[in-house]
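With compact mmCIF, C-alpha atoms and all ligand atoms inside, this is final.txt:
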```txt
# COMPACT_ATOMS: atom_id res chain seq x y z
CA LEU A 885 -12.53 -11.87 8.42
CA TYR A 886 -10.50 -9.15 6.69
CA LYS A 887 -13.34 -7.11 5.21
CA GLN A 888 -15.71 -7.28 8.19
CA LEU A 889 -13.25 -7.02 11.04
CA LEU A 890 -9.75 -5.96 10.12
CA GLN A 891 -10.31 -3.52 7.30
CA PRO A 892 -12.57 -1.13 9.27
CA LEU A 893 -9.91 -0.98 11.99
CA LEU A 894 -7.05 -0.54 9.55
CA PHE A 895 -8.92 2.05 7.47
CA ALA A 896 -9.42 4.12 10.65
CA LEU A 897 -5.63 4.53 10.78
CA ASP A 898 -3.25 6.56 8.67
CA ALA A 899 -2.63 4.51 5.50
CA GLU A 900 1.07 3.97 6.00
CA ARG A 901 0.60 2.94 9.62
CA ALA A 902 -2.08 0.46 8.55
CA HIS A 903 0.39 -0.93 5.99
CA ARG A 904 3.03 -1.51 8.69
CA ILE A 905 0.53 -3.09 11.10
CA THR A 906 -0.72 -5.44 8.37
CA PHE A 907 2.88 -6.52 7.73
CA ALA A 908 3.45 -7.17 11.43
CA MET A 909 0.23 -9.20 11.68
CA LEU A 910 1.03 -11.27 8.62
CA LYS A 911 4.55 -12.02 9.87
CA LEU A 912 3.21 -12.97 13.29
CA ALA A 913 0.46 -15.13 11.83
CA TYR A 914 3.03 -16.93 9.71
CA ALA A 915 5.37 -17.47 12.66
CA LEU A 916 2.71 -19.08 14.90
CA PRO A 917 1.77 -22.54 13.60
CA PRO A 918 -1.94 -22.42 14.59
CA ALA A 919 -2.33 -18.96 13.03
CA ARG A 920 -0.45 -20.08 9.94
CA TRP A 921 -2.78 -23.06 9.67
CA LEU A 922 -5.77 -20.71 9.95
CA LEU A 923 -4.32 -18.39 7.32
CA LYS A 924 -4.03 -21.30 4.89
CA GLN A 925 -7.47 -22.67 5.74
CA LEU A 926 -9.06 -19.30 5.13
CA TYR A 927 -7.24 -18.13 2.05
CA TYR A 928 -5.16 -20.79 0.31
CA TYR A 929 -6.70 -22.14 -2.87
CA ARG A 930 -4.23 -22.85 -5.64
CA PRO A 931 -4.81 -26.16 -7.40
CA GLU A 932 -2.00 -27.55 -9.57
CA ALA A 933 -4.10 -26.96 -12.69
CA LEU A 934 -3.57 -23.19 -12.27
CA ALA A 935 0.16 -23.49 -12.97
CA CYS A 936 1.44 -22.09 -16.25
CA GLU A 937 4.70 -21.34 -18.03
CA VAL A 938 5.46 -17.76 -19.02
CA ALA A 939 8.80 -16.42 -20.27
CA GLY A 940 10.34 -19.82 -19.50
CA ILE A 941 9.31 -19.72 -15.83
CA ARG A 942 6.82 -22.07 -14.24
CA PHE A 943 4.36 -19.92 -12.27
CA PRO A 944 2.17 -21.77 -9.73
CA SER A 945 -0.66 -19.45 -10.80
CA ARG A 946 -1.21 -16.43 -13.04
CA VAL A 947 -2.00 -14.17 -10.06
CA GLY A 948 0.75 -12.24 -8.27
CA ILE A 949 1.42 -9.28 -6.00
CA ALA A 950 2.52 -6.10 -7.80
CA ALA A 951 5.67 -4.17 -6.96
CA GLY A 952 5.61 -1.69 -4.11
CA LEU A 953 3.69 -3.79 -1.61
CA ASP A 954 6.64 -5.86 -0.39
CA LYS A 955 9.45 -3.49 -1.37
CA ASN A 956 12.04 -5.12 0.90
CA ALA A 957 11.10 -8.80 0.51
CA GLU A 958 9.77 -9.03 4.07
CA ILE A 959 6.55 -11.02 3.65
CA ILE A 960 7.20 -13.43 0.79
CA ARG A 961 6.41 -16.51 2.87
CA PRO A 962 3.16 -15.20 4.37
CA LEU A 963 2.06 -14.15 0.88
CA GLY A 964 2.87 -17.66 -0.33
CA ALA A 965 0.77 -19.06 2.53
CA ILE A 966 -2.30 -17.19 1.30
CA GLY A 967 -1.80 -18.69 -2.14
CA VAL A 968 -0.37 -15.98 -4.39
CA GLY A 969 1.43 -17.31 -7.45
CA PHE A 970 4.32 -14.85 -7.41
CA VAL A 971 5.58 -11.74 -5.66
CA GLU A 972 7.36 -8.81 -7.28
CA ILE A 973 9.64 -7.20 -4.73
CA GLY A 974 10.92 -3.61 -4.98
CA THR A 975 11.32 -1.17 -6.43
CA VAL A 976 14.85 -1.76 -5.12
CA THR A 977 17.56 0.87 -5.57
CA PRO A 978 21.33 0.42 -5.08
CA ARG A 979 21.51 2.49 -1.89
CA PRO A 980 18.87 2.58 0.83
CA GLN A 981 16.67 5.67 0.69
CA ALA A 982 13.93 7.12 2.88
CA GLY A 983 11.57 8.24 0.12
CA ASN A 984 9.45 11.37 0.19
CA ASP A 985 8.20 13.18 3.29
CA ARG A 986 5.02 11.92 4.97
CA PRO A 987 2.12 11.89 4.46
CA ARG A 988 2.67 10.23 1.12
CA LEU A 989 0.00 7.51 0.96
CA PHE A 990 -3.72 8.34 0.69
CA ARG A 991 -6.91 6.29 0.33
CA LEU A 992 -9.64 7.52 -2.00
CA LYS A 993 -12.40 5.34 -0.57
CA PRO A 994 -15.30 6.44 -2.81
CA ASP A 995 -13.13 5.59 -5.81
CA ARG A 996 -11.62 2.41 -4.35
CA ALA A 997 -8.29 3.95 -5.21
CA ILE A 998 -4.98 5.02 -3.68
CA ILE A 999 -2.72 7.98 -4.39
CA ASN A 1000 0.91 7.47 -3.41
CA ARG A 1001 4.12 9.45 -3.69
CA MET A 1002 6.30 7.08 -1.69
CA GLY A 1003 9.38 7.82 -3.85
CA PHE A 1004 11.11 4.41 -3.80
CA ASN A 1005 11.56 4.16 -0.03
CA ASN A 1006 13.52 0.93 0.37
CA GLU A 1007 16.34 -0.66 2.33
CA GLY A 1008 18.65 -0.87 -0.67
CA MET A 1009 19.85 -3.86 -2.70
CA GLU A 1010 22.26 -5.34 -0.12
CA ALA A 1011 19.64 -5.61 2.62
CA VAL A 1012 17.12 -7.04 0.17
CA VAL A 1013 19.61 -9.65 -1.08
CA GLN A 1014 20.21 -10.80 2.49
CA ARG A 1015 16.48 -11.43 2.88
CA LEU A 1016 16.11 -13.09 -0.51
CA LYS A 1017 18.84 -15.59 0.32
CA ARG A 1018 16.46 -17.04 2.90
CA HIS A 1019 13.64 -17.37 0.40
CA LYS A 1020 15.41 -19.10 -2.47
CA GLY A 1021 13.01 -21.48 -4.17
CA GLN A 1022 10.02 -20.50 -2.02
CA LEU A 1023 7.91 -18.82 -4.66
CA VAL A 1024 8.41 -17.15 -8.03
CA ILE A 1025 10.01 -13.80 -7.22
CA GLY A 1026 10.34 -10.79 -9.51
CA GLY A 1027 12.98 -8.16 -8.83
CA ASN A 1028 11.72 -4.67 -9.69
CA ILE A 1029 14.71 -2.33 -9.99
CA GLY A 1030 15.14 1.42 -10.17
CA LYS A 1031 17.56 4.26 -9.60
CA ASN A 1032 18.27 6.30 -6.49
CA LYS A 1033 16.73 9.76 -6.40
CA ILE A 1034 20.15 11.46 -6.28
CA THR A 1035 21.46 9.60 -9.32
CA PRO A 1036 21.16 11.81 -12.42
CA ASN A 1037 19.43 10.25 -15.41
CA GLU A 1038 22.73 10.21 -17.35
CA GLN A 1039 24.08 7.72 -14.79
CA ALA A 1040 20.84 5.82 -14.24
CA ILE A 1041 22.16 2.86 -16.20
CA ASP A 1042 24.81 2.23 -13.51
CA ASP A 1043 22.10 1.98 -10.84
CA TYR A 1044 20.06 -0.50 -12.89
CA LEU A 1045 23.19 -2.56 -13.60
CA ALA A 1046 24.21 -2.59 -9.94
CA CYS A 1047 20.76 -3.82 -8.88
CA TYR A 1048 20.71 -6.36 -11.69
CA GLU A 1049 24.06 -7.81 -10.63
CA ALA A 1050 23.19 -7.91 -6.92
CA LEU A 1051 19.80 -9.56 -7.38
CA GLN A 1052 20.69 -11.84 -10.33
CA PRO A 1053 21.09 -15.10 -8.37
CA TRP A 1054 18.08 -14.45 -6.14
CA VAL A 1055 15.16 -13.52 -8.37
CA ASP A 1056 13.39 -15.35 -11.19
CA TYR A 1057 12.69 -12.34 -13.40
CA PHE A 1058 13.60 -8.66 -13.54
CA VAL A 1059 11.50 -5.57 -14.02
CA VAL A 1060 13.02 -2.32 -15.22
CA ASN A 1061 10.92 0.37 -13.63
CA VAL A 1062 11.08 3.63 -15.59
CA SER A 1063 7.46 4.52 -14.98
CA SER A 1064 7.06 5.67 -11.38
CA PRO A 1065 5.77 9.25 -11.25
CA ASN A 1066 7.41 9.81 -7.85
CA THR A 1067 11.10 10.00 -8.74
CA PRO A 1068 11.81 13.27 -10.55
CA ASN A 1069 12.45 12.80 -14.31
CA LEU A 1070 12.45 8.98 -14.06
CA ARG A 1071 9.77 8.70 -16.72
CA ASP A 1072 12.02 10.50 -19.22
CA LEU A 1073 13.83 7.16 -19.41
CA GLN A 1074 10.75 5.80 -21.21
CA GLU A 1075 11.70 7.90 -24.27
CA LYS A 1076 12.90 5.89 -27.25
CA GLU A 1077 16.65 6.48 -27.31
CA PRO A 1078 17.49 6.40 -23.57
CA LEU A 1079 15.20 3.38 -23.17
CA LYS A 1080 16.81 1.49 -26.04
CA HIS A 1081 20.25 2.17 -24.58
CA LEU A 1082 19.21 1.09 -21.07
CA LEU A 1083 17.50 -2.12 -22.17
CA HIS A 1084 20.22 -3.05 -24.68
CA THR A 1085 22.88 -2.68 -22.01
CA LEU A 1086 20.97 -4.70 -19.44
CA GLN A 1087 19.98 -7.39 -21.91
CA ASN A 1088 23.60 -7.75 -23.14
CA VAL A 1089 24.85 -8.24 -19.59
CA ASN A 1090 21.95 -10.59 -18.92
CA LEU A 1091 22.65 -12.78 -21.94
CA GLN A 1092 26.26 -13.23 -20.84
CA GLN A 1093 25.18 -14.84 -17.55
CA PRO A 1094 25.16 -18.63 -17.14
CA SER A 1095 21.44 -18.37 -16.39
CA PRO A 1096 19.93 -15.26 -17.98
CA LYS A 1097 16.69 -14.08 -16.39
CA PRO A 1098 13.67 -12.74 -18.29
CA ILE A 1099 13.64 -8.95 -18.27
CA PHE A 1100 10.35 -7.04 -18.26
CA LEU A 1101 9.82 -3.34 -18.83
CA LYS A 1102 7.19 -1.66 -16.63
CA ILE A 1103 5.40 1.21 -18.33
CA ALA A 1104 3.09 4.06 -17.34
CA PRO A 1105 -0.54 4.23 -18.43
CA ASP A 1106 -0.07 7.87 -19.43
CA LEU A 1107 1.95 7.23 -22.60
CA SER A 1108 0.64 8.64 -25.88
CA ASP A 1109 -0.01 6.38 -28.87
CA THR A 1110 3.30 7.48 -30.40
CA GLN A 1111 5.17 6.70 -27.19
CA LEU A 1112 3.47 3.29 -27.01
CA SER A 1113 4.51 2.46 -30.55
CA ASP A 1114 8.08 3.51 -29.66
CA ILE A 1115 7.93 1.11 -26.71
CA VAL A 1116 6.85 -1.69 -29.03
CA GLU A 1117 9.81 -0.97 -31.31
CA VAL A 1118 12.27 -0.89 -28.39
CA VAL A 1119 10.94 -4.16 -26.94
CA GLN A 1120 11.29 -5.85 -30.32
CA GLN A 1121 14.76 -4.46 -30.99
CA THR A 1122 16.19 -5.28 -27.57
CA GLY A 1123 14.61 -8.73 -27.39
CA ILE A 1124 13.52 -8.43 -23.77
CA ALA A 1125 11.02 -10.97 -22.47
CA GLY A 1126 8.03 -8.77 -21.85
CA VAL A 1127 6.17 -5.74 -20.60
CA ILE A 1128 4.27 -4.97 -17.40
CA ALA A 1129 1.33 -2.64 -18.00
CA THR A 1130 0.74 -0.51 -16.07
CA ASN A 1131 2.20 1.56 -13.27
CA THR A 1132 0.11 4.23 -11.51
CA THR A 1133 -1.36 7.20 -13.42
CA ILE A 1134 -0.88 10.93 -12.94
CA SER A 1135 -4.41 11.47 -14.31
CA ARG A 1136 -7.22 12.48 -11.93
CA GLU A 1137 -10.04 12.11 -14.45
CA GLY A 1138 -13.46 10.72 -13.58
CA LEU A 1139 -12.99 10.50 -9.80
CA GLN A 1140 -15.74 10.73 -7.15
CA THR A 1141 -13.32 12.29 -4.68
CA SER A 1142 -13.77 16.07 -4.61
CA PRO A 1143 -11.32 18.38 -6.39
CA THR A 1144 -10.64 20.07 -3.01
CA THR A 1145 -9.56 16.78 -1.44
CA LEU A 1146 -7.48 15.98 -4.50
CA THR A 1147 -5.74 19.34 -4.24
CA GLN A 1148 -5.06 18.74 -0.55
CA ILE A 1149 -3.54 15.34 -1.34
CA GLY A 1150 -1.33 16.77 -4.08
CA ALA A 1151 1.03 14.95 -6.44
CA GLY A 1152 1.37 11.19 -6.73
CA GLY A 1153 0.40 8.12 -8.72
CA LEU A 1154 -3.21 6.98 -8.71
CA SER A 1155 -3.98 3.25 -8.58
CA GLY A 1156 -7.06 1.06 -8.16
CA ARG A 1157 -10.45 0.97 -9.89
CA PRO A 1158 -10.10 4.22 -11.87
CA LEU A 1159 -7.00 2.76 -13.57
CA ARG A 1160 -8.65 -0.48 -14.68
CA GLN A 1161 -9.91 0.50 -18.10
CA ARG A 1162 -6.80 2.34 -19.29
CA ALA A 1163 -4.48 -0.45 -18.12
CA THR A 1164 -6.59 -2.98 -20.03
CA GLU A 1165 -6.49 -0.80 -23.15
CA VAL A 1166 -2.69 -0.66 -23.00
CA ILE A 1167 -2.47 -4.45 -22.65
CA ARG A 1168 -4.83 -4.98 -25.59
CA TYR A 1169 -2.76 -2.61 -27.72
CA LEU A 1170 0.54 -4.26 -26.73
CA ARG A 1171 -0.72 -7.77 -27.40
CA GLN A 1172 -1.86 -6.81 -30.88
CA ALA A 1173 1.33 -4.91 -31.65
CA LEU A 1174 3.79 -7.38 -30.13
CA GLY A 1175 2.24 -10.69 -31.16
CA ALA A 1176 2.12 -13.83 -29.08
CA GLU A 1177 5.83 -14.25 -28.32
CA VAL A 1178 6.30 -11.37 -25.88
CA ALA A 1179 5.07 -11.97 -22.32
CA LEU A 1180 2.63 -9.45 -20.82
CA ILE A 1181 1.79 -8.88 -17.18
CA GLY A 1182 -1.44 -6.95 -16.66
CA VAL A 1183 -1.86 -4.76 -13.59
CA GLY A 1184 -4.13 -1.88 -12.69
CA GLY A 1185 -7.52 -1.84 -10.99
CA ILE A 1186 -8.06 -5.57 -10.51
CA HIS A 1187 -10.58 -5.79 -7.64
CA SER A 1188 -12.58 -8.86 -8.68
CA PRO A 1189 -12.26 -12.12 -10.63
CA GLN A 1190 -14.01 -10.41 -13.58
CA ASP A 1191 -11.34 -7.70 -13.61
CA ALA A 1192 -8.60 -10.34 -13.70
CA LEU A 1193 -10.31 -12.21 -16.53
CA GLU A 1194 -10.67 -8.94 -18.44
CA LYS A 1195 -6.89 -8.42 -18.34
CA LEU A 1196 -6.21 -12.03 -19.37
CA GLU A 1197 -8.70 -11.81 -22.21
CA ALA A 1198 -7.08 -8.57 -23.38
CA GLY A 1199 -3.85 -10.53 -23.80
CA ALA A 1200 -2.08 -10.61 -20.42
CA ASP A 1201 -0.32 -13.88 -19.56
CA LEU A 1202 -0.19 -13.03 -15.86
CA VAL A 1203 -1.90 -10.47 -13.63
CA GLN A 1204 -0.90 -8.61 -10.49
CA VAL A 1205 -2.84 -6.85 -7.76
CA TYR A 1206 -2.00 -4.16 -5.26
CA THR A 1207 -4.84 -1.70 -4.52
CA GLY A 1208 -7.48 -4.42 -4.94
CA PHE A 1209 -5.64 -6.44 -2.30
CA VAL A 1210 -5.89 -3.50 0.12
CA TYR A 1211 -9.62 -2.93 -0.51
CA GLU A 1212 -10.80 -6.51 -0.99
CA GLY A 1213 -8.32 -8.37 1.23
CA PRO A 1214 -6.52 -11.67 0.75
CA MET A 1215 -9.78 -13.39 -0.25
CA LEU A 1216 -9.39 -11.66 -3.63
CA ILE A 1217 -6.59 -14.07 -4.60
CA LYS A 1218 -8.68 -17.10 -3.72
CA GLN A 1219 -11.71 -15.71 -5.57
CA ILE A 1220 -9.65 -15.11 -8.71
CA HIS A 1221 -8.14 -18.59 -8.47
CA LYS A 1222 -11.62 -20.12 -8.15
CA ALA A 1223 -12.80 -18.22 -11.22
CA LEU A 1224 -9.72 -19.32 -13.18
CA ALA A 1225 -10.19 -22.94 -12.13
CA HIS A 1226 -13.69 -22.81 -13.59
CA THR A 1227 -12.77 -21.01 -16.80
CA LYS A 1228 -11.47 -22.69 -19.91
CA PRO A 1229 -7.72 -22.18 -20.39
CA ILE A 1230 -7.01 -18.65 -21.53
CA GLN A 1231 -4.74 -18.28 -24.49
CA ALA A 1232 -2.92 -15.06 -25.17
CA ALA A 1233 -4.58 -13.29 -28.12
CA PRO A 1234 -3.06 -14.51 -31.38
CA ALA A 1235 -0.53 -12.38 -33.22
CA GLN A 1236 -2.10 -10.08 -35.80
C1 LIG B 1 1.64 2.45 -2.35
C2 LIG B 1 2.10 1.98 -3.69
C3 LIG B 1 3.47 1.85 -3.93
C4 LIG B 1 3.91 1.41 -5.17
N1 LIG B 1 5.25 1.24 -5.38
C5 LIG B 1 5.69 0.77 -6.57
C6 LIG B 1 7.07 0.54 -6.79
O1 LIG B 1 7.90 0.73 -5.90
N2 LIG B 1 7.45 0.09 -8.02
C7 LIG B 1 6.54 -0.17 -9.02
O2 LIG B 1 6.95 -0.59 -10.11
N3 LIG B 1 5.23 0.02 -8.83
C8 LIG B 1 4.79 0.47 -7.64
N4 LIG B 1 3.45 0.66 -7.44
C9 LIG B 1 2.51 0.41 -8.58
C10 LIG B 1 1.87 -0.97 -8.53
O3 LIG B 1 2.83 -1.98 -8.65
C11 LIG B 1 0.83 -1.12 -9.65
O4 LIG B 1 1.49 -1.03 -10.90
C12 LIG B 1 -0.25 -0.05 -9.61
O5 LIG B 1 -0.60 0.26 -8.27
C13 LIG B 1 -1.51 -0.47 -10.36
O6 LIG B 1 -2.08 -1.63 -9.80
P1 LIG B 1 -3.32 -1.59 -8.75
O7 LIG B 1 -4.40 -0.75 -9.37
O8 LIG B 1 -3.70 -3.03 -8.56
O9 LIG B 1 -2.80 -0.99 -7.51
C14 LIG B 1 2.98 1.11 -6.20
C15 LIG B 1 1.59 1.24 -5.95
C16 LIG B 1 1.15 1.67 -4.71
C17 LIG B 1 -0.33 1.80 -4.47
```

Could I get this structure in the form of structure tokens?
Ligand SMILES: Cc1cc2nc3c(=O)[nH]c(=O)nc-3n(C[C@H](O)[C@H](O)[C@H](O)COP(=O)(O)O)c2cc1C
Amino acid sequence: LYKQLLQPLLFALDAERAHRITFAMLKLAYALPPARWLLKQLYYYRPEALACEVAGIRFPSRVGIAAGLDKNAEIIRPLGAIGVGFVEIGTVTPRPQAGNDRPRLFRLKPDRAIINRMGFNNEGMEAVVQRLKRHKGQLVIGGNIGKNKITPNEQAIDDYLACYEALQPWVDYFVVNVSSPNTPNLRDLQEKEPLKHLLHTLQNVNLQQPSPKPIFLKIAPDLSDTQLSDIVEVVQQTGIAGVIATNTTISREGLQTSPTTLTQIGAGGLSGRPLRQRATEVIRYLRQALGAEVALIGVGGIHSPQDALEKLEAGADLVQVYTGFVYEGPMLIKQIHKALAHTKPIQAAPAQ
């Protein structure tokens, strides 16, 4: 239904408009009982056997929606109705912000990829909390948090703390996003010392709560080997629960799309198929370096069940999709679930 009928119509529209229309359709379908029934009949396949425990949380399946798709926690229920195991909302910032000027979202169809420079457009933590209150207990929800564009890096910690405190009762895990290429200088926070300080501070506050939540760090795929080994050290020293690998890339290597088109599109993070291999490499490296105790969420270029299995075999405990969901449609979740149901249980790679 999606690939034959809806996608050609949506792909004829500007990408951001298509995104908004898809949201409206999903909300409507969920609100009308016959349409909701149809949605479930078509897409829901999530047998109990797919449930797993990661970082102390029971996930109904290993397959979730990556951050950036439902930034403001608007479509958690409809996503649950099509069977996803978890949804990561955000990136949420303390204050609402409009993000970068449009156009800022581009499809690279020959590459089955997307370039975006959204720039953390979101309604801000208060508005998101109001929505989350209605969803408590619905699905496993991750809270991906960041800083406002106008906040200088020296004060970034205050933004992360504010988001942490606001979302604490309403999400199951946290993600510290220091890897988006679309907020100026944000990725400098991935450097060893500022990162250690940020994660130490957050983890200390977290451990003082009556119910601490697992904290994940989301990293870029563009880190050098030295930077990756620094990340490993920081994760071990701060004792956070895990890492999400990876965010979008600033690389434009190996694309079918012409250099002229790429120049016209301009800056932004690339996601989808071209990211698959590098994201898997990063996961494999992290699993070997971090051992079995640290949780890993693999994301980047998952467009088929094989791609999801590749990430899990490389050492991911959970996987997320975004661009694959846009190109392949909601059936992708069901297809991955079917493949997982027919595969022997996947164990994270043993510690070296
Ligand atoms: C339009 C768009 C917006 C995104 N926004 C965010 C975001 O706000 N925070 C974040 O951590 N990642 C964001 N991402 C990155 C995705 O969560 C994911 O890490 C990346 O797209 C790689 O996965 P994919 O190849 O399945 O898309 C965004 C990706 C896209 C395509």

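Of note, CA of Ile960 (chain A) and CA of Leu934 (chain A) are spaced 19.5 Å apart.
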
- Message: What's around Asp995 (chain A) at 9 Å? Count all atoms listed in the file, leave out sequence neighbours fewer than 4 positions away in its own chain, and write the answer as an NGL selection string.
- Response: :A and (991 or 1139-1141 or 1156-1158)

- Message: Report as a PyMOL selection string all protein, DNA and RNA residues lying within 12 Å of Leu926 (chain A), evaluated on only C-alpha atoms, omitting residues in the same chain fewer than 6 positions from it.
- Response: chain A and resi 885-886+919-920+965-967+1213-1219

- Message: Please find the residues contacting ligand LIG 1 (chain B) at a distance of at most 6 Å between atoms, with all atoms listed in the file counted, and report them as number ranges by chain.
- Response: A: 950-952, 974-975, 998, 1000, 1004, 1061, 1130-1132, 1155-1156, 1183-1186, 1205-1208

- What is the CA of Asp954 (chain A) to CA of Asn984 (chain A) distance in Å?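 CA of Asp954 (chain A) sits 17.5 Å away from CA of Asn984 (chain A).
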
- Name the residues in contact with Asp1201 (chain A) at a cut-off of 12 Å, using only C-alpha atoms, excluding same-chain residues fewer than 5 positions from it; report them as a count of residues only. 36

- Task: Work out how far apart CA of Gly1152 (chain A) and CA of Ile949 (chain A) are and give it in Å to one decimal.
- Result: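 These atoms are spaced 20.5 Å apart.
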
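The smallest atom-to-atom distance between Pro987 (chain A) and any of A:Leu1202, A:Ala1151, A:Val968, A:Leu923, using only C-alpha atoms, is found for A:Ala1151.
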
- Query: Hey, which of A:Val976, A:Ile1134, A:Ala1040, A:Cys1047 ends up closest to Leu1159 (chain A)? Count all atoms listed in the file.
  - Reply: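 So, comparing all the options, the nearest one is A:Ile1134.
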
Give me the region 949-1007 of chain A side of the contact with region 1015-1025 of chain A, cut-off 8 Å, one line per residue showing its nearest atom pair and distance in Å at one decimal, counting only C-alpha atoms, sorted by chain and residue number, as JSON lines.
```
{"residue": "A:Asn956", "atom": "CA", "partner": "A:Arg1015", "partner_atom": "CA", "distance": 8.0}
{"residue": "A:Ala957", "atom": "CA", "partner": "A:Arg1015", "partner_atom": "CA", "distance": 6.4}
{"residue": "A:Glu958", "atom": "CA", "partner": "A:Arg1015", "partner_atom": "CA", "distance": 7.2}
{"residue": "A:Ile960", "atom": "CA", "partner": "A:His1019", "partner_atom": "CA", "distance": 7.6}
{"residue": "A:Arg961", "atom": "CA", "partner": "A:Gln1022", "partner_atom": "CA", "distance": 7.3}
{"residue": "A:Gly964", "atom": "CA", "partner": "A:Leu1023", "partner_atom": "CA", "distance": 6.7}
{"residue": "A:Gly969", "atom": "CA", "partner": "A:Val1024", "partner_atom": "CA", "distance": 7.0}
{"residue": "A:Phe970", "atom": "CA", "partner": "A:Val1024", "partner_atom": "CA", "distance": 4.7}
{"residue": "A:Val971", "atom": "CA", "partner": "A:Ile1025", "partner_atom": "CA", "distance": 5.1}
{"residue": "A:Glu972", "atom": "CA", "partner": "A:Ile1025", "partner_atom": "CA", "distance": 5.7}
{"residue": "A:Ile973", "atom": "CA", "partner": "A:Ile1025", "partner_atom": "CA", "distance": 7.1}
```

- Message: What's around Asp1072 (chain A) at 9 Å? Count only C-alpha atoms, leave out sequence neighbours fewer than 2 positions away in its own chain, and write the answer as a list in words.
- Response: Asn1037, Val1062, Ser1063, Asn1069, Leu1070, Gln1074, Glu1075, Pro1078 and Leu1079 of chain A

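Taking only C-alpha atoms into account, Leu1091 (chain A) lies nearest to A:Gln1052 out of the set A:Asn1066, A:Asn1032, A:Thr977, A:Gln1052.
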
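Using only C-alpha atoms, the nearest neighbour of Gly1123 (chain A) within the list A:Phe1100, A:Lys993, A:Leu1170, A:Leu922 is A:Phe1100.
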